[in-house]
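As structure tokens, the structure follows; a few thoughts come after it.
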Amino acid sequence: MDKRPIGIFDSGIGGITVLAEAARTMPGQRFIYFGDTANAPYGTKDVQRVVQLSMKAAGFLMDRNIKALIVACNTATSAAIDQLREALDIPVIGMEPALKPAVETGQGGTVVVMATSLTLREKKFSQLMEKYSSRASIIPMPCPGLVELIEAGIWEGKKIKDFLSKRFSGLRINDITDIVLGCTHYVFIKDEIQRFFDQRVRIVDGNQGTARQLRRILTAKEASGQDMLCNDFDQSLFEFYFSGNTNDTKNLCKSWLRTQLCLKTG
Ligand code: DGL
């Protein structure tokens, strides 16, 4: 196996939810995570700025000799995936709102796509809408302000409930059967969204699809799955860097990941 680590970045902590899935899917691999917390959120910035920030984040990880890059951010993918692929000579895996599985295996009612304003106004998302809007009733829902709450560690309780009430007011709630989380941060509030809907909706995110895509690419490249059989997660497989801060963020991410993966402490 190529022992180099896999690089993964997001505007902040959202990509940790993708890291958890990738680590679960590919045990034994090393990961280096970069969260651009000094510049979060990306979703309210203009495209050029997000391209710049994404190139910089990728450069930081390339300097650490990664063998593949996961852009664990729908917003950065919408803005910068083509430029990243052109600039880097390693596989680059991006994310997009998981509208395809939501529609194809949906429950027949309205599908709401929660994502950042930038993701929803970019070409990639219009193309997705073009493809699926004749097959389901789809409501794109920009959620400005939500990433900031999640970055602050507010993942449940009154503030999130109030946010959701406001955002979903005016919609026919009972018609909604499927929610697509088109921003990696929103995975942290999945439980609160389920409670808001009395456990009635199906919530879909793109994390597993991205992790599987990574595994397909690396397995093909490395022509071996042997080292991936180990399911003993080890903290030393993960390195975290954040541009803007704080040990608090690092600790928050580590402990969340540990509970997700049942990491050995250390
Ligand atoms: N987590 C990111 C995404 O998947 C971006 C959030 C933001 O910085 O606005 O879109």
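Identifiers in the structure tokens: chain A, B, ... in order shown; residue index from 1 per chain; ligand index from 1 in order shown.
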Closest-contact table, segment 104-165 of chain A side, partner segment 27-46 of chain A, 9 Å, counting only C-alpha atoms, as JSON lines:
{"residue": "A:Ala115", "atom": "CA", "partner": "A:Gly43", "partner_atom": "CA", "distance": 8.5}
{"residue": "A:Thr116", "atom": "CA", "partner": "A:Gly43", "partner_atom": "CA", "distance": 4.9}
{"residue": "A:Ser117", "atom": "CA", "partner": "A:Gly43", "partner_atom": "CA", "distance": 5.8}
{"residue": "A:Leu118", "atom": "CA", "partner": "A:Gly43", "partner_atom": "CA", "distance": 5.1}
{"residue": "A:Thr119", "atom": "CA", "partner": "A:Gly43", "partner_atom": "CA", "distance": 7.0}
{"residue": "A:Pro144", "atom": "CA", "partner": "A:Thr44", "partner_atom": "CA", "distance": 7.2}
{"residue": "A:Gly145", "atom": "CA", "partner": "A:Pro41", "partner_atom": "CA", "distance": 8.9}
{"residue": "A:Val147", "atom": "CA", "partner": "A:Pro41", "partner_atom": "CA", "distance": 6.6}
{"residue": "A:Glu148", "atom": "CA", "partner": "A:Pro41", "partner_atom": "CA", "distance": 7.0}
{"residue": "A:Glu151", "atom": "CA", "partner": "A:Thr37", "partner_atom": "CA", "distance": 8.3}
Exercise. Just the residues within 12 Å of Arg85 of chain A, please, counting only C-alpha atoms, with nothing from its chain fewer than 2 positions along; format it as an MDAnalysis selection string.
Key: chainID A and resid 54:55 58 68:71 77 80:83 87:94
Exercise. Can you check which residues of segment 20-95 of chain A DSSP gives as helix (DSSP H, G or I) on the backbone and send them as a PyMOL selection string?
Key: chain A and resi 20-25+47-62+74-87
Quick one: residues within 12 Å of Phe168 of chain A, only C-alpha atoms, excluding same-chain residues fewer than 2 positions away - as an mmCIF file with N, CA and C atoms, in the first residue's frame?
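As a result, part26.cif now contains:
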data_model
loop_
_atom_site.group_PDB
_atom_site.id
_atom_site.type_symbol
_atom_site.label_atom_id
_atom_site.label_comp_id
_atom_site.auth_asym_id
_atom_site.auth_seq_id
_atom_site.Cartn_x
_atom_site.Cartn_y
_atom_site.Cartn_z
ATOM 1 N N VAL A 112 -36.217 18.345 -0.110
ATOM 2 C CA VAL A 112 -35.612 19.650 0.193
ATOM 3 C C VAL A 112 -34.097 19.491 0.193
ATOM 4 N N VAL A 113 -33.413 20.372 -0.536
ATOM 5 C CA VAL A 113 -31.946 20.344 -0.553
ATOM 6 C C VAL A 113 -31.429 21.517 0.268
ATOM 7 N N MET A 114 -30.915 21.204 1.453
ATOM 8 C CA MET A 114 -30.325 22.251 2.298
ATOM 9 C C MET A 114 -28.850 22.377 1.902
ATOM 10 N N ILE A 139 -37.098 21.328 -3.600
ATOM 11 C CA ILE A 139 -36.967 22.709 -3.119
ATOM 12 C C ILE A 139 -35.536 22.947 -2.652
ATOM 13 N N PRO A 140 -34.763 23.792 -3.375
ATOM 14 C CA PRO A 140 -33.440 24.169 -2.897
ATOM 15 C C PRO A 140 -33.586 25.154 -1.737
ATOM 16 N N MET A 141 -32.861 24.914 -0.660
ATOM 17 C CA MET A 141 -33.005 25.772 0.522
ATOM 18 C C MET A 141 -31.645 26.285 1.011
ATOM 19 N N PRO A 142 -31.286 27.528 0.648
ATOM 20 C CA PRO A 142 -30.051 28.090 1.188
ATOM 21 C C PRO A 142 -30.213 28.329 2.693
ATOM 22 N N CYS A 143 -29.157 28.111 3.448
ATOM 23 C CA CYS A 143 -29.258 28.230 4.906
ATOM 24 C C CYS A 143 -28.186 29.155 5.488
ATOM 25 N N LYS A 161 -33.348 24.610 16.624
ATOM 26 C CA LYS A 161 -34.794 24.446 16.384
ATOM 27 C C LYS A 161 -35.395 25.726 15.806
ATOM 28 N N ASP A 162 -35.019 26.867 16.406
ATOM 29 C CA ASP A 162 -35.553 28.148 15.911
ATOM 30 C C ASP A 162 -35.125 28.391 14.471
ATOM 31 N N PHE A 163 -33.866 28.054 14.187
ATOM 32 C CA PHE A 163 -33.371 28.237 12.818
ATOM 33 C C PHE A 163 -34.228 27.424 11.843
ATOM 34 N N LEU A 164 -34.454 26.160 12.213
ATOM 35 C CA LEU A 164 -35.211 25.275 11.318
ATOM 36 C C LEU A 164 -36.660 25.762 11.172
ATOM 37 N N SER A 165 -37.265 26.180 12.294
ATOM 38 C CA SER A 165 -38.664 26.655 12.227
ATOM 39 C C SER A 165 -38.769 27.810 11.256
ATOM 40 N N LYS A 166 -37.827 28.741 11.369
ATOM 41 C CA LYS A 166 -37.865 29.911 10.500
ATOM 42 C C LYS A 166 -37.673 29.493 9.037
ATOM 43 N N GLY A 170 -43.670 28.418 6.043
ATOM 44 C CA GLY A 170 -44.176 28.738 4.709
ATOM 45 C C GLY A 170 -44.164 27.530 3.782
ATOM 46 N N LEU A 171 -43.505 26.460 4.187
ATOM 47 C CA LEU A 171 -43.512 25.251 3.346
ATOM 48 C C LEU A 171 -44.566 24.280 3.870
ATOM 49 N N ARG A 172 -45.033 23.417 2.986
ATOM 50 C CA ARG A 172 -45.995 22.395 3.434
ATOM 51 C C ARG A 172 -45.190 21.230 4.015
ATOM 52 N N ILE A 173 -45.001 21.345 5.330
ATOM 53 C CA ILE A 173 -44.108 20.437 6.036
ATOM 54 C C ILE A 173 -44.483 18.965 5.820
ATOM 55 N N ASN A 174 -45.789 18.702 5.820
ATOM 56 C CA ASN A 174 -46.202 17.297 5.716
ATOM 57 C C ASN A 174 -45.934 16.679 4.347
ATOM 58 N N ASP A 175 -45.705 17.530 3.351
ATOM 59 C CA ASP A 175 -45.393 17.001 2.012
ATOM 60 C C ASP A 175 -43.919 16.603 1.888
ATOM 61 N N ILE A 176 -43.107 17.055 2.833
ATOM 62 C CA ILE A 176 -41.662 16.799 2.723
ATOM 63 C C ILE A 176 -41.357 15.388 3.214
ATOM 64 N N ILE A 179 -34.829 14.840 2.863
ATOM 65 C CA ILE A 179 -33.984 16.034 3.004
ATOM 66 C C ILE A 179 -32.576 15.669 2.570
ATOM 67 N N ILE A 193 -32.641 17.718 13.097
ATOM 68 C CA ILE A 193 -33.564 17.802 11.941
ATOM 69 C C ILE A 193 -34.599 16.680 12.038
ATOM 70 N N PHE A 196 -37.131 17.608 14.536
ATOM 71 C CA PHE A 196 -37.997 18.670 14.008
ATOM 72 C C PHE A 196 -39.128 18.069 13.165
ATOM 73 N N PHE A 197 -38.802 16.990 12.463
ATOM 74 C CA PHE A 197 -39.799 16.327 11.610
ATOM 75 C C PHE A 197 -40.433 15.107 12.282
#
Exercise. Between atom CA of Phe188 of chain A and atom CA of Met95 of chain A, measure the distance and give it in Å to one decimal.
Key: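 That distance, rounded to one decimal, is 16.8 Å.
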Self-check item: Nearest to Met1 of chain A by atom-to-atom distance, counting only C-alpha atoms, from A:Glu239, A:Leu146, A:Lys131, A:Lys67
Solution: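 Distance minimum relative to Met1 of chain A lands on A:Lys67.
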